[in-house]
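Reading through the structure tokens given below for one structure.
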Amino acid sequence: ASIEKNGYDHFMLKEIYEQPKAIRDTIKAKVCNGKILLDEINLSPKELRKIKKVFIVACGTSYHAALIGKYMLEKLCLVPVEVDIASEFRYRSPLLDKNSLVIAISQSGETADTLGAIAYAKNKESKIISICNVVGSSITRCSQGTIYTHAGPEIGVASTKAFTTQLAALYLFCLYLGSIKGLIDQKTCKRCLKALEKIPEDADTILKRASELDELANLFYKKSNFLYLGRGINYPIALEGALKLKEISYIHAEGYPAGEMKHGPIALIDSSLPVVILIPKNQLYEKIISNMEEVKSRGGIVIAIAIEGDKNIIEKADHVFYVPKVLNELTPILFTIPLQLLAYYIAVKRGCDVDKPRNLAKSVTVE
Ligand code: G6P
């Protein structure tokens with residue numbers, strides 16, 4: 001019965017709207033009385049403290065979650081992290097040993113490339129855990145433990161709610177590991193958890209503004225190119241926004257670190273190019289504003305995704321969509337939702353088969 005569209009035109013839209021619940025369910029499954037319980041990873045505090053290095057492997061959208069995981073883990077847990085596209089991992093001789101932790105991220109738990117990466121890590125006797133949405137799937141069976149996301153079945157080929165729950169799961173794991181390592185005190189952990197627990201409500205606020213993105217889609221659905229820019233922890237969200245758009249609308253889109261634009265993609269900017277820029281209020285704010293000005297001065301059309309209250313943006317960008325203010329580590333979850341909706345509305349207006357885009361499969365079980 002859960003495999004129905006419930007009145008939505010597409011599974012993808014339904015799943016975008018299910019995100020508040022999916023995130024809430026994921027948190028609820030791991031937090032009890034203000035304490036994070038992650039027995040499901042099957043690694044003792046002693047084993048966790050011994051980890052010298054973390055490798056995160058994944059494909060597609062899950063790979064973007066992995067990139068964000070690196071930012072979170074290095075910042076909150078002071079552990080070096082490498083991120084690999086699963087199909088590249090075992091062909092580059094990564095330096096794994098028994099003090100390495102490999103985290104495989106996969107919605108389906110059946111992706112052949114990710115399974116291949118796990119097999120390689122097993123051979124090196126590394127610890128292996130997964131972040132997965134499907135109970136009992138192949139990847140969970142090859143891992144020592146699994147942090148389950150509780151997104152429920154994801155039918156739309158383009159991943160949405162699985163991604164945002166992966167980010168919530170990664171954040172919980174960081175708080176857990178950071179606490180065990182003595183890097184995050186109880187008070188800080190409680191404060192961060194509270195911020196995470198408010199995310200579903202913030203996501204709802206964004207979903208209520210979906211019509212603004214529908215209107216933006218009206219303006220841009222005939223374009224043949226898009227550029228997405230972000231910095232720091234939101235650079236992977238630029239990649240994810242671009243991926244969503246290409247997957248379902250077949251528009252060519254590129255995600256780029258905003259500071260790197262001047263080394264290449266700036267050559268693409270003209271008055272027909274929409275540029276989506278992610279603008280959190282953090283220490284990189286001034287830098288991203290200056291990147292935005294570089295786009296504007298070359299005639300590019302700026303669509304800013306900014307933080308509520310940032311009035312400065314209104315006069316600088318051509319279009320602004322606001323998301324509620326949150327902790328920096330949680331901005332990726334909120335920024336990604338408007339990008340999913342923008343891609344969705346554009347694809348629908350182009351008459352594309354949103355739930356089953358050409359050439360793509362929900363889970364890819366061949367290498
Ligand atoms: C396929 C899907 C993508 C997904 C990727 C990884 O390519 O079309 O949406 O992100 O596989 O899937 P996984 O199940 O491992 O997260």
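Note on naming: chains are A, B, ... as they come in the structure tokens, residues start from 1 per chain, ligands start from 1 in the order shown.
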
What lies within 12 Å of A:Lys28 using only C-alpha atoms, ignoring chain neighbours under 2 positions off, as a PyMOL selection string? chain A and resi 21-26+30-38+148-151+165+168-169+172+193+196-197+200

Output file for the residues above (N, CA and C atoms, as a compact mmCIF listing (two decimals), in the first residue's frame):
```
# COMPACT_ATOMS: atom_id res chain seq x y z
N LYS A 21 9.05 13.61 7.11
CA LYS A 21 8.78 12.38 7.85
C LYS A 21 9.98 11.42 7.82
N ALA A 22 10.57 11.31 6.62
CA ALA A 22 11.71 10.39 6.48
C ALA A 22 12.86 10.79 7.40
N ILE A 23 13.11 12.09 7.47
CA ILE A 23 14.21 12.56 8.34
C ILE A 23 13.83 12.35 9.80
N ARG A 24 12.58 12.68 10.13
CA ARG A 24 12.11 12.51 11.51
C ARG A 24 12.22 11.03 11.92
N ASP A 25 11.80 10.13 11.04
CA ASP A 25 11.85 8.69 11.36
C ASP A 25 13.29 8.22 11.54
N THR A 26 14.18 8.75 10.72
CA THR A 26 15.59 8.35 10.82
C THR A 26 16.18 8.80 12.15
N LYS A 30 17.22 6.48 16.18
CA LYS A 30 18.57 6.44 16.75
C LYS A 30 18.77 7.34 17.96
N VAL A 31 17.74 8.08 18.32
CA VAL A 31 17.89 8.98 19.46
C VAL A 31 16.84 8.65 20.51
N CYS A 32 17.30 8.45 21.74
CA CYS A 32 16.38 8.13 22.82
C CYS A 32 16.75 8.98 24.03
N ASN A 33 15.82 9.75 24.53
CA ASN A 33 16.06 10.65 25.67
C ASN A 33 17.32 11.51 25.49
N GLY A 34 17.46 12.07 24.32
CA GLY A 34 18.60 12.96 24.08
C GLY A 34 19.93 12.23 23.91
N LYS A 35 19.88 10.92 23.81
CA LYS A 35 21.13 10.14 23.63
C LYS A 35 21.12 9.44 22.28
N ILE A 36 22.27 9.45 21.59
CA ILE A 36 22.34 8.76 20.30
C ILE A 36 22.72 7.30 20.53
N LEU A 37 21.89 6.42 20.02
CA LEU A 37 22.15 4.98 20.17
C LEU A 37 22.45 4.40 18.80
N LEU A 38 23.69 3.95 18.63
CA LEU A 38 24.06 3.39 17.32
C LEU A 38 24.65 1.99 17.47
N TYR A 148 20.87 2.39 9.43
CA TYR A 148 19.75 2.43 8.49
C TYR A 148 19.14 3.82 8.38
N THR A 149 18.88 4.22 7.16
CA THR A 149 18.06 5.39 6.95
C THR A 149 16.62 4.88 6.93
N HIS A 150 15.70 5.69 7.43
CA HIS A 150 14.31 5.23 7.49
C HIS A 150 13.46 6.06 6.53
N ALA A 151 13.89 6.05 5.25
CA ALA A 151 13.21 6.86 4.25
C ALA A 151 11.96 6.15 3.73
N THR A 165 18.02 11.72 4.12
CA THR A 165 18.14 10.88 5.33
C THR A 165 19.58 10.37 5.50
N ALA A 168 21.25 13.08 7.35
CA ALA A 168 20.87 13.05 8.77
C ALA A 168 21.62 11.93 9.49
N ALA A 169 21.71 10.76 8.84
CA ALA A 169 22.41 9.62 9.44
C ALA A 169 23.90 9.92 9.62
N LEU A 172 24.33 12.22 12.60
CA LEU A 172 24.19 11.47 13.86
C LEU A 172 25.45 10.66 14.15
N LEU A 193 21.79 18.06 18.36
CA LEU A 193 20.65 17.17 18.15
C LEU A 193 19.35 17.96 18.03
N LEU A 196 19.14 19.34 14.66
CA LEU A 196 18.78 18.30 13.69
C LEU A 196 17.29 17.96 13.79
N GLU A 197 16.81 17.90 15.02
CA GLU A 197 15.39 17.55 15.23
C GLU A 197 14.44 18.62 14.69
N PRO A 200 13.08 18.63 10.12
CA PRO A 200 11.82 18.27 9.44
C PRO A 200 10.85 19.46 9.34
```

Closest contacts (chain A/ligand 1, max 9 Å, only C-alpha atoms and all ligand atoms) as CSV:
```
residue,atom,partner,partner_atom_place_in_ligand_line,distance
A:Ala58,CA,ligand 1,15 (O),6.3
A:Cys59,CA,ligand 1,6 (C),4.6
A:Gly60,CA,ligand 1,10 (O),3.8
A:Thr61,CA,ligand 1,10 (O),3.8
A:Ser62,CA,ligand 1,16 (O),4.8
A:Tyr63,CA,ligand 1,10 (O),7.4
A:His64,CA,ligand 1,10 (O),8.7
A:Ala104,CA,ligand 1,15 (O),8.6
A:Ile105,CA,ligand 1,16 (O),6.4
A:Ser106,CA,ligand 1,16 (O),3.4
A:Gln107,CA,ligand 1,16 (O),3.7
A:Ser108,CA,ligand 1,14 (O),3.5
A:Gly109,CA,ligand 1,14 (O),5.5
A:Glu110,CA,ligand 1,14 (O),6.3
A:Thr111,CA,ligand 1,15 (O),4.6
A:Ala112,CA,ligand 1,15 (O),8.1
A:Asp113,CA,ligand 1,15 (O),8.3
A:Thr114,CA,ligand 1,15 (O),6.7
A:Cys132,CA,ligand 1,16 (O),7.8
A:Asn133,CA,ligand 1,14 (O),8.2
A:Val134,CA,ligand 1,14 (O),8.9
A:Ile139,CA,ligand 1,15 (O),8.9
A:Gly156,CA,ligand 1,9 (O),8.3
A:Val157,CA,ligand 1,8 (O),5.2
A:Ala158,CA,ligand 1,9 (O),4.4
A:Ser159,CA,ligand 1,9 (O),4.6
A:Thr160,CA,ligand 1,9 (O),8.4
A:Ala162,CA,ligand 1,16 (O),7.9
A:Phe163,CA,ligand 1,16 (O),8.2
A:Lys244,CA,ligand 1,9 (O),8.7
A:Glu247,CA,ligand 1,8 (O),8.1
A:Pro357,CA,ligand 1,8 (O),8.9
A:Leu360,CA,ligand 1,8 (O),5.4
A:Ala361,CA,ligand 1,8 (O),5.0
A:Lys362,CA,ligand 1,8 (O),4.5
A:Ser363,CA,ligand 1,1 (C),5.0
A:Val364,CA,ligand 1,1 (C),5.6
A:Thr365,CA,ligand 1,11 (O),8.9
```

Considering only C-alpha atoms, state which residue in the set A:Phe11, A:Phe226, A:Phe335, A:Phe173 is at the smallest distance from A:Val354. A:Phe11

List as a list in words the protein and nucleic acid residues near A:Ala347, meaning an atom at most 12 Å away when only C-alpha atoms are counted, but skip any in the same chain fewer than 5 places from it. His10, Met12, Leu13, Ala158, Asp214, Ala217, Asn218, Phe220, Tyr221, Lys222, Lys223, Lys244, Leu245, Lys246, Glu247, Ile248, Ser249, Tyr250, Ile251, Gln340, Leu341, Leu342, Cys352, Asp353, Val354, Asp355, Lys356 and Pro357 of chain A

Rank nothing, just name the residue among A:Glu329, A:Thr336, A:Ile85, A:Leu95 nearest to A:Gly116, using only C-alpha atoms. A:Ile85

Within 6 Å of stretch 288-302 of chain A using only C-alpha atoms, minus same-chain residues under 4 positions, as a VMD selection string: chain A and resid 269 to 271 273 to 275 317 to 318

Who sits within 9 Å of A:Leu334, only C-alpha atoms, same chain under 6 positions skipped, as a list in words: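 Here the qualifying residues turn out to be Thr164, Ile199, Asp202, Ala203, Ile206, Val323, Pro324 and Val326 of chain A.
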